[in-house]
Structures are given as structure tokens and as C-alpha cells.
Amino acid sequence: GSGTKVGVILPETASSARWEGFDKPMLTEAMKAEGLDADIQNAQGDTGKFSQIADGMITQGVKVLVIASINSDLGKSVAQKAAAAGIPVIDYDRLNLGGTSKYYVSFDNTKVGELQGQAFAEAMASKQGGQVIEIEGAPTDNNATLFHNGQEKVLKPLYDSGKLKLVKSQAIPNWDNQAGGNTFEQILTQNGGKVDGVVAANDGLAGAVITILNKNGLKVPVTGQDATAAG
């Protein structure tokens with residue numbers, strides 16, 4: 001009904017500009033169009049703050065809680081609290097494994113990874129035996145797993161055949177861009193400063209990688225996703 005209160009908790013802004021730049025205004029507009037009163041807050045990557053926001057929304061009696069969680073354990077815990085209060089929960093973009101949410105709304109994340117893999121394979125077509133470093137998303141985010149699974153559908157056969165050489169694949173906790181850049185630099189150094197292409201799970205990690213590539217005078221194909229302006 002008109003004026004129904006809906007709580008929305010977004011995860012952070014550090015890894016990607018999408019949450020505040022796209023998701024928040026589009027969710028606000030879509031819910032307003034349905035006559036819903038949306039309270040949209042961002043936890044800024046802080047698990048304690050995420051739980052605090054959720055507790056506040058549950059106490060206020062929101063009719064539905066929409067969560068893009070920081071990790072599955074946190075999302076599961078929040079969903080259980082909401083369910084105990086009779087509030088249905090929608091997992092938004094990120095699936096909370098083992099959770100009690102009523103709905104899950106997301107992209108076809110495996111397909112996203114496949115598209116990354118296809119674009120990367122095309123960019124690397126002329127680089128026989130090209131050396132590849134993979135900088136993947138948070139191991140606690142099921143989406144990161146699905147992105148990687150999709151990439152593997154395309155790239156694993158190329159690694160197995162020797163058309164491309166996988167130097168190392170490394171997941172980055174919390175999708176932390178700075179950690180992603182530092183990790184990439186370490187792998188690059190360990191590999192003698194050689195790389196022919198980088199699979200980066202999103203634009204934020206890609207930007208961190210490109211900073212290191214520029215620092216070393218290297219220009220190679222790098223994947224990304226999230227459609228950020230910086231990307």
C-alpha cells in the first residue's frame with residue numbers, strides 16, 4: 001500500500017561507485033513509483049554498522065528489508081533477525097549462502113564472468129602463450145565466485161592448451177582496491193615484471209591494477225565491470 005516503509009541496506013562505496021551512483025537513486029525512483037517509502041542506507045563496508053542499520057530498521061517496523069550484504073554470514077544473520085520479526089528479506093545482487101531470505105534478485109553473474117572471459121580472450125588472441133594474472137573479488141562474496149566460474153568456462157581451455165599461461169589467480173578480501181593493487185604488484189614482481197594481460201573482477205580492482213601497470217610502463221588488456229565512469 002501507499003507509504004509502506006521499505007528498508008534497503010547497501011554494502012559500501014569503496015570498491016565500486018555503482019552503489020551510491022546507480023543503485024541508490026534507481027531504487028529510490030523505482031520504489032517511489034510504486035508508492036513505497038524507501039529508507040536507503042549504506043554501511044560503508046562496516047559489518048557492525050550494517051547490523052546496526054538492520055536492527056534499527058527492524059525496530060522501526062519496515063515491511064520489507066532489502067540487503068546487499070558485505071558477506072554471507074552477516075547477511076544470513078540479518079535475514080534471520082528480520083524473519084523472527086516477521087519481515088521478509090530480499091537478497092539484492094549478493095546471495096547470502098545458507099540464509100533465510102525469501103527472494104534473491106541479481107544479474108546472471110556467471111554470464112558476466114563469461115563475457116569478461118570472452119572479451120579478454122579476444123584481446124589476447126594474438127598473444128600466444130601470453131602470461132595472465134587474475135585479480136578476483138572477495139572470497140566471501142558469492143558473486144565473485146560466480147564471476148570466476150564464468151571466466152573459467154572461457155579461459156581454462158586456453159590455459160590447458162597453452163594458448164595462455166596463468167601466472168596466478170588471487171581473490172581479494174572485501175573487494176579492497178588498494179589491497180588488489182598491492183597484491184597485483186607483488187605477483188608482477190615475483191614474475192619478473194612480466195604480464196601480457198590481467199583479468200580483474202571489477203572496475204575498482206582494474207583501476208588499481210592499471211595504476212601499477214602505468215607505474216611500470218606496461219600497457220596490456222585488463223577486464224572490469226560495473227560500468228563506472230572511471231572504468
# chains A, B, ... in the order shown; residues from 1 in each chain; ligands from 1

$ residues_around --residues "range 9-18 of chain A" --least-positions-apart "4" --cutoff "6 Å" --atoms "only C-alpha atoms" --output "list in words"
Phe22, Ile40, Gln41, Asn42, Ala43, Gln44, Gly45, Ile67, Ala68, Ser69, Ile70, Trp175 and Gly204 of chain A

$ select_by_dssp --residues "chain A" --states "strand (DSSP E)" --output "ChimeraX atom specification"
/A:4-10,36-42,64-67,89-92,103-105,130-136,164-171,197-200

$ write_last_selection --atoms "N, CA and C atoms" --output "compact mmCIF listing (two decimals), in the first residue's frame"
# COMPACT_ATOMS: atom_id res chain seq x y z
N THR A 4 4.09 2.46 2.37
CA THR A 4 4.67 1.31 3.05
C THR A 4 6.18 1.50 3.18
N LYS A 5 6.69 1.30 4.37
CA LYS A 5 8.10 1.52 4.66
C LYS A 5 8.94 0.31 4.24
N VAL A 6 9.97 0.57 3.45
CA VAL A 6 10.90 -0.47 3.00
C VAL A 6 12.31 -0.07 3.37
N GLY A 7 13.03 -0.97 4.01
CA GLY A 7 14.42 -0.71 4.37
C GLY A 7 15.36 -1.31 3.35
N VAL A 8 16.37 -0.54 2.93
CA VAL A 8 17.37 -1.02 1.98
C VAL A 8 18.75 -0.73 2.56
N ILE A 9 19.59 -1.77 2.64
CA ILE A 9 20.95 -1.58 3.14
C ILE A 9 21.93 -1.95 2.03
N LEU A 10 22.73 -0.96 1.62
CA LEU A 10 23.77 -1.18 0.61
C LEU A 10 25.11 -1.40 1.32
N LEU A 36 6.01 3.34 -2.45
CA LEU A 36 6.71 2.86 -1.25
C LEU A 36 7.59 3.95 -0.66
N ASP A 37 7.75 3.90 0.64
CA ASP A 37 8.60 4.85 1.35
C ASP A 37 9.93 4.15 1.64
N ALA A 38 10.94 4.42 0.84
CA ALA A 38 12.21 3.70 0.94
C ALA A 38 13.21 4.43 1.82
N ASP A 39 13.74 3.70 2.80
CA ASP A 39 14.83 4.20 3.64
C ASP A 39 16.09 3.46 3.19
N ILE A 40 16.94 4.16 2.41
CA ILE A 40 18.13 3.52 1.83
C ILE A 40 19.38 4.04 2.52
N GLN A 41 20.13 3.13 3.14
CA GLN A 41 21.34 3.50 3.85
C GLN A 41 22.51 2.63 3.40
N ASN A 42 23.72 3.17 3.56
CA ASN A 42 24.93 2.46 3.14
C ASN A 42 25.81 2.19 4.36
N VAL A 64 9.41 -4.64 4.55
CA VAL A 64 10.32 -5.47 3.76
C VAL A 64 11.73 -4.93 3.98
N LEU A 65 12.71 -5.84 4.02
CA LEU A 65 14.11 -5.45 4.15
C LEU A 65 14.88 -5.96 2.93
N VAL A 66 15.54 -5.05 2.25
CA VAL A 66 16.34 -5.39 1.06
C VAL A 66 17.80 -5.22 1.43
N ILE A 67 18.61 -6.29 1.28
CA ILE A 67 20.00 -6.20 1.71
C ILE A 67 20.98 -6.65 0.62
N VAL A 89 12.75 -10.75 3.67
CA VAL A 89 14.01 -10.17 3.23
C VAL A 89 14.28 -10.53 1.77
N ILE A 90 14.80 -9.54 1.03
CA ILE A 90 15.23 -9.76 -0.36
C ILE A 90 16.75 -9.62 -0.40
N ASP A 91 17.45 -10.67 -0.82
CA ASP A 91 18.89 -10.57 -1.08
C ASP A 91 19.04 -9.82 -2.40
N TYR A 92 19.67 -8.65 -2.35
CA TYR A 92 19.81 -7.81 -3.53
C TYR A 92 21.23 -7.89 -4.08
N TYR A 103 13.58 -13.91 -1.17
CA TYR A 103 13.84 -13.67 -2.59
C TYR A 103 15.31 -13.34 -2.82
N TYR A 104 15.75 -13.56 -4.04
CA TYR A 104 17.11 -13.21 -4.46
C TYR A 104 17.01 -12.55 -5.83
N VAL A 105 17.45 -11.30 -5.92
CA VAL A 105 17.40 -10.55 -7.17
C VAL A 105 18.82 -10.17 -7.58
N GLY A 130 50.61 -16.00 -23.85
CA GLY A 130 50.59 -14.78 -23.04
C GLY A 130 50.40 -15.07 -21.57
N GLN A 131 51.14 -14.34 -20.74
CA GLN A 131 51.10 -14.55 -19.29
C GLN A 131 49.98 -13.72 -18.66
N VAL A 132 49.13 -14.40 -17.88
CA VAL A 132 47.91 -13.78 -17.34
C VAL A 132 47.93 -13.81 -15.81
N ILE A 133 47.55 -12.68 -15.21
CA ILE A 133 47.34 -12.60 -13.77
C ILE A 133 45.87 -12.31 -13.54
N GLU A 134 45.25 -13.05 -12.64
CA GLU A 134 43.84 -12.85 -12.30
C GLU A 134 43.72 -12.22 -10.90
N ILE A 135 43.04 -11.08 -10.83
CA ILE A 135 42.76 -10.42 -9.55
C ILE A 135 41.24 -10.48 -9.35
N GLU A 136 40.82 -11.42 -8.50
CA GLU A 136 39.40 -11.72 -8.34
C GLU A 136 38.79 -11.02 -7.13
N LEU A 164 47.32 -19.60 -23.47
CA LEU A 164 47.60 -18.58 -22.46
C LEU A 164 48.22 -19.28 -21.25
N LYS A 165 49.00 -18.54 -20.48
CA LYS A 165 49.63 -19.10 -19.28
C LYS A 165 49.13 -18.33 -18.06
N LEU A 166 48.52 -19.05 -17.11
CA LEU A 166 48.05 -18.42 -15.88
C LEU A 166 49.22 -18.33 -14.90
N VAL A 167 49.63 -17.11 -14.60
CA VAL A 167 50.71 -16.89 -13.64
C VAL A 167 50.19 -17.14 -12.23
N LYS A 168 49.07 -16.48 -11.90
CA LYS A 168 48.44 -16.66 -10.58
C LYS A 168 47.05 -16.05 -10.59
N SER A 169 46.15 -16.70 -9.83
CA SER A 169 44.80 -16.17 -9.63
C SER A 169 44.64 -15.91 -8.14
N GLN A 170 44.30 -14.66 -7.79
CA GLN A 170 44.23 -14.29 -6.38
C GLN A 170 42.94 -13.54 -6.05
N ALA A 171 42.19 -14.06 -5.08
CA ALA A 171 40.99 -13.37 -4.59
C ALA A 171 41.41 -12.26 -3.63
N GLY A 197 48.42 -9.74 -19.82
CA GLY A 197 47.01 -9.41 -19.68
C GLY A 197 46.55 -9.68 -18.27
N VAL A 198 45.55 -8.93 -17.81
CA VAL A 198 45.05 -9.07 -16.44
C VAL A 198 43.53 -9.23 -16.45
N VAL A 199 43.06 -10.28 -15.77
CA VAL A 199 41.63 -10.45 -15.54
C VAL A 199 41.33 -9.84 -14.18
N ALA A 200 40.66 -8.69 -14.17
CA ALA A 200 40.27 -8.02 -12.93
C ALA A 200 38.75 -8.14 -12.81

$ select_by_dssp --residues "range 76-146 of chain A" --states "helix (DSSP H, G or I)" --output "MDAnalysis selection string"
chainID A and resid 76:84 109:123 142:146

$ write_last_selection --atoms "C-alpha atoms" --output "PDB file, in the first residue's frame"
ATOM      1  CA  LYS A  76      22.359 -14.611   6.936  1.00  0.00           C
ATOM      2  CA  SER A  77      22.351 -13.198  10.482  1.00  0.00           C
ATOM      3  CA  VAL A  78      20.395 -10.092   9.471  1.00  0.00           C
ATOM      4  CA  ALA A  79      17.880 -12.163   7.479  1.00  0.00           C
ATOM      5  CA  GLN A  80      17.278 -14.427  10.484  1.00  0.00           C
ATOM      6  CA  LYS A  81      16.646 -11.415  12.763  1.00  0.00           C
ATOM      7  CA  ALA A  82      14.212  -9.947  10.252  1.00  0.00           C
ATOM      8  CA  ALA A  83      12.433 -13.269   9.757  1.00  0.00           C
ATOM      9  CA  ALA A  84      11.996 -13.587  13.532  1.00  0.00           C
ATOM     10  CA  ASN A 109      26.637 -13.400 -12.595  1.00  0.00           C
ATOM     11  CA  THR A 110      28.107 -16.467 -14.292  1.00  0.00           C
ATOM     12  CA  LYS A 111      27.248 -14.882 -17.643  1.00  0.00           C
ATOM     13  CA  VAL A 112      29.012 -11.683 -16.532  1.00  0.00           C
ATOM     14  CA  GLY A 113      32.164 -13.749 -15.969  1.00  0.00           C
ATOM     15  CA  GLU A 114      31.762 -15.461 -19.340  1.00  0.00           C
ATOM     16  CA  LEU A 115      31.535 -12.081 -21.073  1.00  0.00           C
ATOM     17  CA  GLN A 116      34.666 -10.933 -19.261  1.00  0.00           C
ATOM     18  CA  GLY A 117      36.417 -14.114 -20.375  1.00  0.00           C
ATOM     19  CA  GLN A 118      35.277 -13.745 -23.976  1.00  0.00           C
ATOM     20  CA  ALA A 119      36.377 -10.107 -24.200  1.00  0.00           C
ATOM     21  CA  PHE A 120      39.716 -10.991 -22.630  1.00  0.00           C
ATOM     22  CA  ALA A 121      40.258 -13.977 -24.940  1.00  0.00           C
ATOM     23  CA  GLU A 122      39.589 -11.765 -27.970  1.00  0.00           C
ATOM     24  CA  ALA A 123      42.031  -9.128 -26.698  1.00  0.00           C
ATOM     25  CA  ASN A 142      29.197 -15.485  -3.848  1.00  0.00           C
ATOM     26  CA  ASN A 143      29.069 -13.157  -6.861  1.00  0.00           C
ATOM     27  CA  ALA A 144      32.873 -13.191  -7.034  1.00  0.00           C
ATOM     28  CA  THR A 145      32.764 -16.987  -7.180  1.00  0.00           C
ATOM     29  CA  LEU A 146      30.185 -16.878  -9.966  1.00  0.00           C
TER      30      LEU A 146
END

$ atom_distance --atom1 "CA of Val62 in chain A" --atom2 "CA of Gly3 in chain A"
10.9 Å

$ closest_residue --among "A:Asn202, A:Gln60, A:Ser2, A:Asn216" --to "Phe147 in chain A" --atoms "only C-alpha atoms"
A:Asn202

$ atom_distance --atom1 "CA of Ala138 in chain A" --atom2 "CA of Glu29 in chain A"
29.5 Å

$ closest_residue --among "A:Thr223, A:Thr211, A:Gln190, A:Thr140" --to "Asp73 in chain A" --atoms "only C-alpha atoms"
A:Thr140

$ closest_residue --among "A:Val154, A:Leu74, A:Ala30, A:Ile172" --to "Gly99 in chain A" --atoms "only C-alpha atoms"
A:Leu74
